[in-house]
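**Student:** One structure is given below, represented as structure tokens, and several questions about it will come after.
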Amino acid sequence: MMLSGAGPSERRESDGSNSPAAPGFPRPPVPERAVRAELERVLASSSFRYSERLRSFLKFVVEEGLAGNGDQLKESVLAVELFDREATYDSREDSLVRVEARRLRDKLQKYYAGEGINDPVFIDLPKGGYAPVFTMREAPPSPAAVTPRTRQVSIKVAAGAAVLCILATVALVQWVRPKPPGRLAAHRRITADPGLTFQPVLSRDGTLLAYSSDRAGAGNLDIWVQRISGGAPIRITDSPGDDVEPSFSHDGAQIAYRAEGEAEGVYIVPALGGTATLLARGGYRPRFSPDGSRVAYWTGERSYLAAKIFVVPSTGGAPSPLQPDFEYAAYPVWSPDGNHILFVGSERVTNYWDMRADDWDWWVAPAAGGSAVRTYARGAFKHQRLDAPQTSWSHRRVLPHWWTASSQVLFSALSGGKTNIWQIDIEAGAWRAAGHAEQVTFGAGWEDNPTASADGSMAYSVLTHKSDVCSQPLDPNAARTQGPMVRLTSDAADYIRPVVSNSGQRLAFLSNRSGNVDVWARDLKTGREAALTATRQDESSPVISPDGSKVAYGYAPPLADAIFVVPFAGGGAAQVCGDCGEPRAWLPDNAALLYQLITPSRESLIGRLDMDGRETVLIRSSKSALFSPSVSRDGRWLALIVRTPPSDHRVYAIPLRSGAAADPSEWVSVTPPGGWVDKPRWSPDGNVLYHVSDRDGFVCIWASRLDPATKRPAGEPIPIEHFHGRRTALGSVYGLELSVADDKLIFNLGEDFGNVWFAPAG
């Protein structure tokens, strides 16, 4: 696994001053006012605006450098003057200065690669010391320095540049000018169900519509078919699990779909009812080829970081992989002629736990085999600030849904707080995204799952998702429920990331009930409820102290990983660190907490944050993801999720001794390798670990009984609460959390509602 406990560093950075210029190229001096102006630019940038500790660090070393004290910027001086350490500070025992210096260098590198790419001055903090270096960027020659011959060349170049500028302006106008919307008649709702009816697909001739719905009232989703011209819908599947993601064959005679649960797989059924036939095990979102001879689908695991596409004959047979060298390939869409497949893909997932490192894009590959071509659609989405809908299914990728006969791909995207249907041209032959994405629908709801017929008619889902906080009465030490689940919230707002104090009386959570996402607190004994934050930014990751006296939280991306603490009773929030990570769990003494962080070098780590701002790395890894930590109430054990690529999730129990994590050789694997598991949480006596897992094909709550001494599992995990449906589920929750108190489990549960809309071609 390549994991290690993190102890004190034996390396000490040497003192230093400005690095020498390269031989033969003396560095010109930089005027002090230019350096100060650059410092203000950097400090005011979005990269540094919310990193108070790094702002102070940079300002201190720049001021000292300008004052000629660069040679005095030693580690011990910085520790005392900048970080309030005692004069007895020993860098062998406390690596704070080195850690912050590394973060500052990474932050400066990121700034000058982005916002500051055209700044006239470059501020650097070379490795090996703490003295800053100031460099004036190379400027173009002044007019006085241009010789007559050079001036003639410059005039010609300038004239050519003017022509290019005009052409670029014309191209830019063409890029940003929205195309006229497609010719669609008035949109109308075609279903009117109180539950969940979604994922529509039109037959090629536009006469039939299939979709997934729970309208039968049995609590599961089935595939239904109805005529666009009218008439009663026909239920064509009736399995006990959910049947979803239908796709018509070319002649409208058959439907491929995905079955979930024990019978998980891709099936084919006659479009007007009949016996379903298993085509492939375990596939997602099957799609018939335009000639009906093949079905494309993808397989993967719930974290959606490793996936493969397969194509199978619609009459049955062995599936063939499409682009097997891609580490991630999913959501296949056939070209109108059936010769190519467009998909979401990453050739190399360089980091399996940090989506920022995922170089995904839309790709087009020959269906018969051959090299895939990058469409660069992702760049178009980024240019127009189009994001993936916030669901557990898209996982931050914009997904293609349908490739129309007019060479446009339909997709759903989030823009300006609304999720609508969009389309973008894919240039045939070159397979490049051409121009500007065009918005097709303009509703206020969550519009998704677009599909089209050959004549250009379109159907899509209009969905509503909400998440509520639920309480399950429980004897946590016995892993035994004690009554029915109770919903603690029930209005139209979303409630996510709920956490409860040990006593079970104090609850903190996130909610958008005031417009944006704030931290809220509720006293479950008195019913008193209040917002603990009221900012314009979205807060994230609340964690309540064991005694319920305070709540730590952070801010949602792209803001920096600062951690704040606010009293449960309300009042001013105090910033504890400026850029340390995401708060995840308090220690039993209420005086420190654990955070998780992905470093700029893509290293995953778990650290301890004391309330005086001191940070200590407990565990780090460059090969595995470390996340969702919790600490037993006696402080002797750490529970943690360790994900090792491509698809090995496990809960580990890790001994803690004097605040330090034991060597990986002593770690105990609580759950078996493989599968998906998350949110390990301790029982009060430390002999049960609760977690969520999809071990039975659905995301449910499970418990693992442990040996009291060794924490090795005492038998197989046992189910605590099942959620075997798509409409009401843990698996659809964006911002899932699980929290254990003396008498209950607290978690948030998602619920989806929706109907199908139709727009005939004009």
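Simple scheme: letters A, B, ... for chains in structure tokens order, numbers from 1 for residues in each chain, numbers from 1 for ligands in the order shown.
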Could you name the residues that touch range 383-387 of chain A at 7 Å or less, counting only C-alpha atoms, but leaving out those on the same chain fewer than 3 positions away, as a list of chain:residue names?

**Tutor:**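 The residues satisfying every condition are A:Gly379, A:Ala380, A:Val398, A:Ala413, A:Leu414, A:Ser415.
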
**Student:** Counting only C-alpha atoms, what is within 6 Å of range 667-672 of chain A, bar same-chain residues fewer than 3 positions away, as a ChimeraX atom specification?

**Tutor:** /A:650-654,664,713

**Student:** Would you please work out which residue, of A:Ala479, A:Val699, A:Leu54, A:Ala552, is nearest to Trp682 in chain A when using only C-alpha atoms?

**Tutor:**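 For Trp682 in chain A, the nearest of the candidates is A:Ala479.
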
**Student:** Would you pick out the contacts of Asp678 in chain A at 8 Å or less, using only C-alpha atoms, so that residues sharing its chain but fewer than 6 positions from it are not included, and give the list as a VMD selection string?

**Tutor:** chain A and resid 628 641 651 691 to 693

**Student:** Output C-alpha atoms for every residue in the selection just made, as an mmCIF file, in the first residue's frame.

**Tutor:**
data_model
loop_
_atom_site.group_PDB
_atom_site.id
_atom_site.type_symbol
_atom_site.label_atom_id
_atom_site.label_comp_id
_atom_site.auth_asym_id
_atom_site.auth_seq_id
_atom_site.Cartn_x
_atom_site.Cartn_y
_atom_site.Cartn_z
ATOM 1 C CA SER A 628 -13.301 9.725 6.523
ATOM 2 C CA ILE A 641 -11.098 4.367 4.758
ATOM 3 C CA VAL A 651 -12.128 0.034 6.614
ATOM 4 C CA HIS A 691 -20.290 2.064 7.979
ATOM 5 C CA VAL A 692 -22.122 2.390 4.674
ATOM 6 C CA SER A 693 -21.454 -0.127 1.913
#

**Student:** Please report the interatomic distance between CA of Gly504 in chain A and CA of Phe723 in chain A in Å with one decimal.

**Tutor:** 23.3 Å

**Student:** What is the CA of Ile544 in chain A-CA of Asp742 in chain A distance in Å, reported with one decimal?

**Tutor:**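 Separation between CA of Ile544 in chain A and CA of Asp742 in chain A: 14.6 Å.
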
**Student:** Ranking A:Gly735, A:Trp402, A:Pro684, A:Lys382 by minimum distance to His436 in chain A and counting only C-alpha atoms, which one comes first?

**Tutor:**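 Among the listed residues, A:Lys382 lies closest to His436 in chain A.
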
**Student:** Under the rule that only C-alpha atoms are counted, which of A:Gly128, A:Pro336, A:Gly65, A:Gly483 is the nearest residue to Ile426 in chain A?

**Tutor:**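 Closest to Ile426 in chain A of all the choices is A:Pro336.
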
**Student:** May I have the residues within 10 Å of Gly241 in chain A as a list in words, using only C-alpha atoms and disregarding those fewer than 3 positions away in the same chain?

**Tutor:**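 The contact residues come out as Gly219, Asn220, Leu221, Asp222, Asp238, Val244, Ala259, Glu260, Gly261, Glu262, Ala263, Glu264, His724, Gly725 and Arg726 of chain A.
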
**Student:** So that I can check the surroundings of Tyr112 in chain A, please list as a ChimeraX atom specification every protein, DNA and RNA residue that reaches within 12 Å of it, counting only C-alpha atoms and ignoring chain neighbours fewer than 5 positions away.

**Tutor:** /A:38,41-42,45,47-48,105-107,117-124,137

**Student:** Let me see the file: selected residues, all heavy atoms, as a compact mmCIF listing (two decimals), in the first residue's frame.

**Tutor:**
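Written file, selection.txt:
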# COMPACT_ATOMS: atom_id res chain seq x y z
N GLU A 38 3.57 43.88 -6.50
CA GLU A 38 3.35 42.47 -6.80
C GLU A 38 2.85 41.72 -5.56
O GLU A 38 1.96 40.87 -5.65
CB GLU A 38 4.64 41.82 -7.31
CG GLU A 38 4.53 40.33 -7.62
CD GLU A 38 3.53 40.01 -8.72
OE1 GLU A 38 3.11 40.94 -9.44
OE2 GLU A 38 3.18 38.83 -8.86
N ARG A 41 -0.77 42.26 -5.23
CA ARG A 41 -1.51 41.49 -6.23
C ARG A 41 -1.68 40.04 -5.78
O ARG A 41 -2.76 39.45 -5.89
CB ARG A 41 -0.80 41.54 -7.59
CG ARG A 41 -1.17 42.72 -8.48
CD ARG A 41 -0.64 42.55 -9.89
NE ARG A 41 0.80 42.61 -9.92
CZ ARG A 41 1.51 43.74 -10.08
NH1 ARG A 41 0.88 44.89 -10.22
NH2 ARG A 41 2.82 43.72 -10.10
N VAL A 42 -0.58 39.47 -5.29
CA VAL A 42 -0.61 38.08 -4.87
C VAL A 42 -1.55 37.89 -3.67
O VAL A 42 -2.38 36.99 -3.64
CB VAL A 42 0.81 37.57 -4.54
CG1 VAL A 42 0.74 36.15 -3.98
CG2 VAL A 42 1.69 37.61 -5.77
N SER A 45 -5.21 37.89 -4.52
CA SER A 45 -5.67 36.90 -5.49
C SER A 45 -6.57 35.87 -4.81
O SER A 45 -6.56 35.69 -3.59
CB SER A 45 -4.47 36.19 -6.13
OG SER A 45 -3.81 35.38 -5.18
N SER A 47 -6.16 32.80 -4.99
CA SER A 47 -5.31 31.72 -4.49
C SER A 47 -4.91 31.94 -3.04
O SER A 47 -4.73 30.98 -2.28
CB SER A 47 -4.04 31.59 -5.35
OG SER A 47 -4.36 31.29 -6.68
N PHE A 48 -4.75 33.21 -2.64
CA PHE A 48 -4.27 33.53 -1.30
C PHE A 48 -5.31 34.19 -0.40
O PHE A 48 -5.11 34.29 0.80
CB PHE A 48 -3.06 34.47 -1.39
CG PHE A 48 -1.77 33.77 -1.71
CD1 PHE A 48 -1.44 33.46 -3.01
CD2 PHE A 48 -0.88 33.41 -0.71
CE1 PHE A 48 -0.25 32.81 -3.33
CE2 PHE A 48 0.31 32.76 -1.01
CZ PHE A 48 0.63 32.46 -2.32
N ARG A 105 5.34 27.54 -1.27
CA ARG A 105 5.96 27.35 -2.58
C ARG A 105 4.94 26.78 -3.58
O ARG A 105 4.87 27.23 -4.73
CB ARG A 105 7.16 26.42 -2.46
CG ARG A 105 8.33 27.01 -1.67
CD ARG A 105 9.53 26.08 -1.64
NE ARG A 105 10.57 26.59 -0.76
CZ ARG A 105 10.86 26.09 0.43
NH1 ARG A 105 10.22 25.03 0.87
NH2 ARG A 105 11.80 26.63 1.17
N ASP A 106 4.17 25.79 -3.14
CA ASP A 106 3.16 25.20 -4.02
C ASP A 106 2.11 26.22 -4.42
O ASP A 106 1.66 26.28 -5.57
CB ASP A 106 2.49 24.01 -3.32
CG ASP A 106 3.42 22.82 -3.15
OD1 ASP A 106 4.41 22.75 -3.90
OD2 ASP A 106 3.16 21.98 -2.26
N LYS A 107 1.71 27.05 -3.45
CA LYS A 107 0.67 28.05 -3.73
C LYS A 107 1.19 29.11 -4.70
O LYS A 107 0.47 29.55 -5.60
CB LYS A 107 0.22 28.69 -2.42
CG LYS A 107 -0.99 29.61 -2.55
CD LYS A 107 -2.27 28.83 -2.73
CE LYS A 107 -2.78 28.25 -1.44
NZ LYS A 107 -4.13 27.67 -1.57
N ILE A 117 0.03 34.69 -14.33
CA ILE A 117 0.89 34.28 -15.44
C ILE A 117 1.48 35.47 -16.19
O ILE A 117 2.55 35.38 -16.78
CB ILE A 117 0.10 33.35 -16.40
CG1 ILE A 117 1.06 32.65 -17.36
CG2 ILE A 117 -0.99 34.12 -17.15
CD1 ILE A 117 0.41 31.54 -18.15
N ASN A 118 0.80 36.63 -16.16
CA ASN A 118 1.29 37.81 -16.87
C ASN A 118 1.79 38.90 -15.93
O ASN A 118 2.00 40.04 -16.36
CB ASN A 118 0.17 38.38 -17.76
CG ASN A 118 -0.21 37.43 -18.88
OD1 ASN A 118 0.66 36.85 -19.52
ND2 ASN A 118 -1.50 37.27 -19.11
N ASP A 119 1.97 38.60 -14.65
CA ASP A 119 2.46 39.60 -13.70
C ASP A 119 3.87 40.04 -14.09
O ASP A 119 4.69 39.23 -14.54
CB ASP A 119 2.47 39.05 -12.28
CG ASP A 119 1.08 38.96 -11.69
OD1 ASP A 119 0.11 39.21 -12.43
OD2 ASP A 119 0.96 38.65 -10.49
N PRO A 120 4.20 41.33 -13.88
CA PRO A 120 5.53 41.83 -14.28
C PRO A 120 6.65 41.37 -13.36
O PRO A 120 7.82 41.39 -13.74
CB PRO A 120 5.36 43.35 -14.21
CG PRO A 120 4.26 43.57 -13.23
CD PRO A 120 3.32 42.42 -13.40
N VAL A 121 6.31 40.99 -12.13
CA VAL A 121 7.33 40.57 -11.15
C VAL A 121 6.99 39.16 -10.68
O VAL A 121 5.82 38.80 -10.52
CB VAL A 121 7.38 41.53 -9.96
CG1 VAL A 121 8.36 41.03 -8.89
CG2 VAL A 121 7.78 42.93 -10.42
N PHE A 122 8.04 38.36 -10.45
CA PHE A 122 7.89 36.99 -9.99
C PHE A 122 8.51 36.88 -8.61
O PHE A 122 9.68 37.21 -8.41
CB PHE A 122 8.59 36.04 -10.97
CG PHE A 122 8.44 34.58 -10.64
CD1 PHE A 122 7.36 33.86 -11.12
CD2 PHE A 122 9.38 33.93 -9.86
CE1 PHE A 122 7.22 32.52 -10.83
CE2 PHE A 122 9.24 32.59 -9.57
CZ PHE A 122 8.16 31.87 -10.05
N ILE A 123 7.72 36.44 -7.61
CA ILE A 123 8.22 36.22 -6.25
C ILE A 123 8.40 34.72 -6.05
O ILE A 123 7.47 33.94 -6.26
CB ILE A 123 7.26 36.78 -5.19
CG1 ILE A 123 7.08 38.29 -5.37
CG2 ILE A 123 7.77 36.48 -3.78
CD1 ILE A 123 6.07 38.90 -4.41
N ASP A 124 9.57 34.32 -5.63
CA ASP A 124 9.86 32.90 -5.45
C ASP A 124 10.47 32.68 -4.07
O ASP A 124 11.06 33.60 -3.47
CB ASP A 124 10.84 32.44 -6.53
CG ASP A 124 11.00 30.92 -6.56
OD1 ASP A 124 10.11 30.23 -6.02
OD2 ASP A 124 11.99 30.43 -7.13
N ARG A 137 10.03 40.13 -14.84
CA ARG A 137 9.77 39.41 -16.08
C ARG A 137 10.36 40.18 -17.25
O ARG A 137 10.35 41.42 -17.27
CB ARG A 137 8.27 39.24 -16.29
CG ARG A 137 7.57 38.44 -15.19
CD ARG A 137 7.72 36.96 -15.42
NE ARG A 137 7.01 36.19 -14.39
CZ ARG A 137 5.82 35.66 -14.56
NH1 ARG A 137 5.19 35.80 -15.69
NH2 ARG A 137 5.27 34.96 -13.59

**Student:** Record the distance separating CA of Lys711 in chain A and CA of Arg506 in chain A, expressed in Å with one decimal.

**Tutor:** 28.7 Å

**Student:** Please provide as a list in words all residues within 10 Å of Glu52 in chain A, with the sequence filter that same-chain residues fewer than 4 positions apart are discarded (counting only C-alpha atoms).

**Tutor:**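 Result of the neighbour search: Leu43, Phe48, Ser56, Phe57, Leu58, Ala560, Ala562, Gln575, Cys577, Gly578 and Asp579 of chain A.
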
**Student:** Using only C-alpha atoms for the distances, tell me which of A:Gln390, A:Ser511, A:Ser683, A:Ser622 is nearest to His465 in chain A.

**Tutor:** A:Gln390

**Student:** Have a look at A:Gly715, A:Pro558, A:Gly114, A:Pro132 and name the one nearest to Asn69 in chain A; count only C-alpha atoms.

**Tutor:** A:Pro132

**Student:** From a DSSP calculation on the backbone, collect every residue of range 374-526 of chain A in strand (DSSP E or B) and output the set as a ChimeraX atom specification.

**Tutor:** /A:374,387,400-403,408-415,418-427,432-439,446-452,458-475,480-481,486-487,495-500,506-511,518-523

**Student:** With distances taken over only C-alpha atoms, which of A:Val364, A:Cys580, A:Ala741, A:Leu278 is nearest to Ser501 in chain A?

**Tutor:**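 The shortest atom-to-atom distance to Ser501 in chain A comes from A:Ala741.
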
**Student:** Just the residues within 12 Å of Asp205 in chain A, please, counting only C-alpha atoms, with nothing from its chain fewer than 6 positions along; format it as a compact mmCIF listing (two decimals) with C-alpha atoms, in the first residue's frame.

**Tutor:**
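Contents of part-v6.txt, as written:
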# COMPACT_ATOMS: atom_id res chain seq x y z
CA ARG A 227 -47.40 5.97 -27.29
CA ILE A 228 -46.65 9.64 -27.84
CA PHE A 248 -34.95 1.23 -27.81
CA SER A 249 -33.69 -0.94 -30.64
CA HIS A 250 -33.65 0.63 -34.12
CA ASP A 251 -37.09 -0.72 -35.04
CA GLY A 252 -38.69 -0.02 -31.64
CA ALA A 253 -39.35 -3.73 -31.11
CA PRO A 290 -28.55 2.51 -34.57
CA ALA A 452 -34.18 12.51 -29.30
CA SER A 453 -35.92 10.78 -32.21
CA ALA A 454 -34.81 10.86 -35.84
CA ASP A 455 -37.04 13.85 -36.67
CA GLY A 456 -35.54 15.98 -33.85
CA SER A 457 -38.27 15.60 -31.23
CA MET A 458 -36.90 15.51 -27.69
CA PRO A 760 -41.98 17.71 -30.71

**Student:** Write down as a list in words the residues belonging to range 357-405 of chain A that are assigned helix (DSSP H, G or I) by DSSP computed on the backbone.

**Tutor:**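 After running DSSP on the backbone, range 357-405 of chain A has helix (DSSP H, G or I) at Ala357, Ala377, Arg378, Gly379, Ala380, Phe381, Lys382 and His383 of chain A.
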
**Student:** Okay, now the selection with N, CA and C atoms, as a tab-separated table (two decimals), in the first residue's frame?

**Tutor:**
chain	number	residue	atom	x	y	z
A	357	ALA	N	-7.26	16.11	-10.31
A	357	ALA	CA	-6.19	15.52	-11.11
A	357	ALA	C	-6.71	14.67	-12.26
A	377	ALA	N	-14.28	18.76	-25.70
A	377	ALA	CA	-15.55	19.33	-25.23
A	377	ALA	C	-15.40	19.91	-23.83
A	378	ARG	N	-14.56	19.30	-23.02
A	378	ARG	CA	-14.40	19.80	-21.65
A	378	ARG	C	-13.93	21.24	-21.64
A	379	GLY	N	-13.06	21.60	-22.59
A	379	GLY	CA	-12.61	22.99	-22.67
A	379	GLY	C	-13.75	23.94	-22.97
A	380	ALA	N	-14.67	23.50	-23.84
A	380	ALA	CA	-15.84	24.32	-24.14
A	380	ALA	C	-16.71	24.50	-22.91
A	381	PHE	N	-16.89	23.42	-22.15
A	381	PHE	CA	-17.69	23.52	-20.93
A	381	PHE	C	-17.05	24.48	-19.93
A	382	LYS	N	-15.74	24.36	-19.79
A	382	LYS	CA	-15.04	25.23	-18.85
A	382	LYS	C	-15.14	26.69	-19.29
A	383	HIS	N	-15.01	26.94	-20.59
A	383	HIS	CA	-15.09	28.30	-21.12
A	383	HIS	C	-16.45	28.92	-20.82
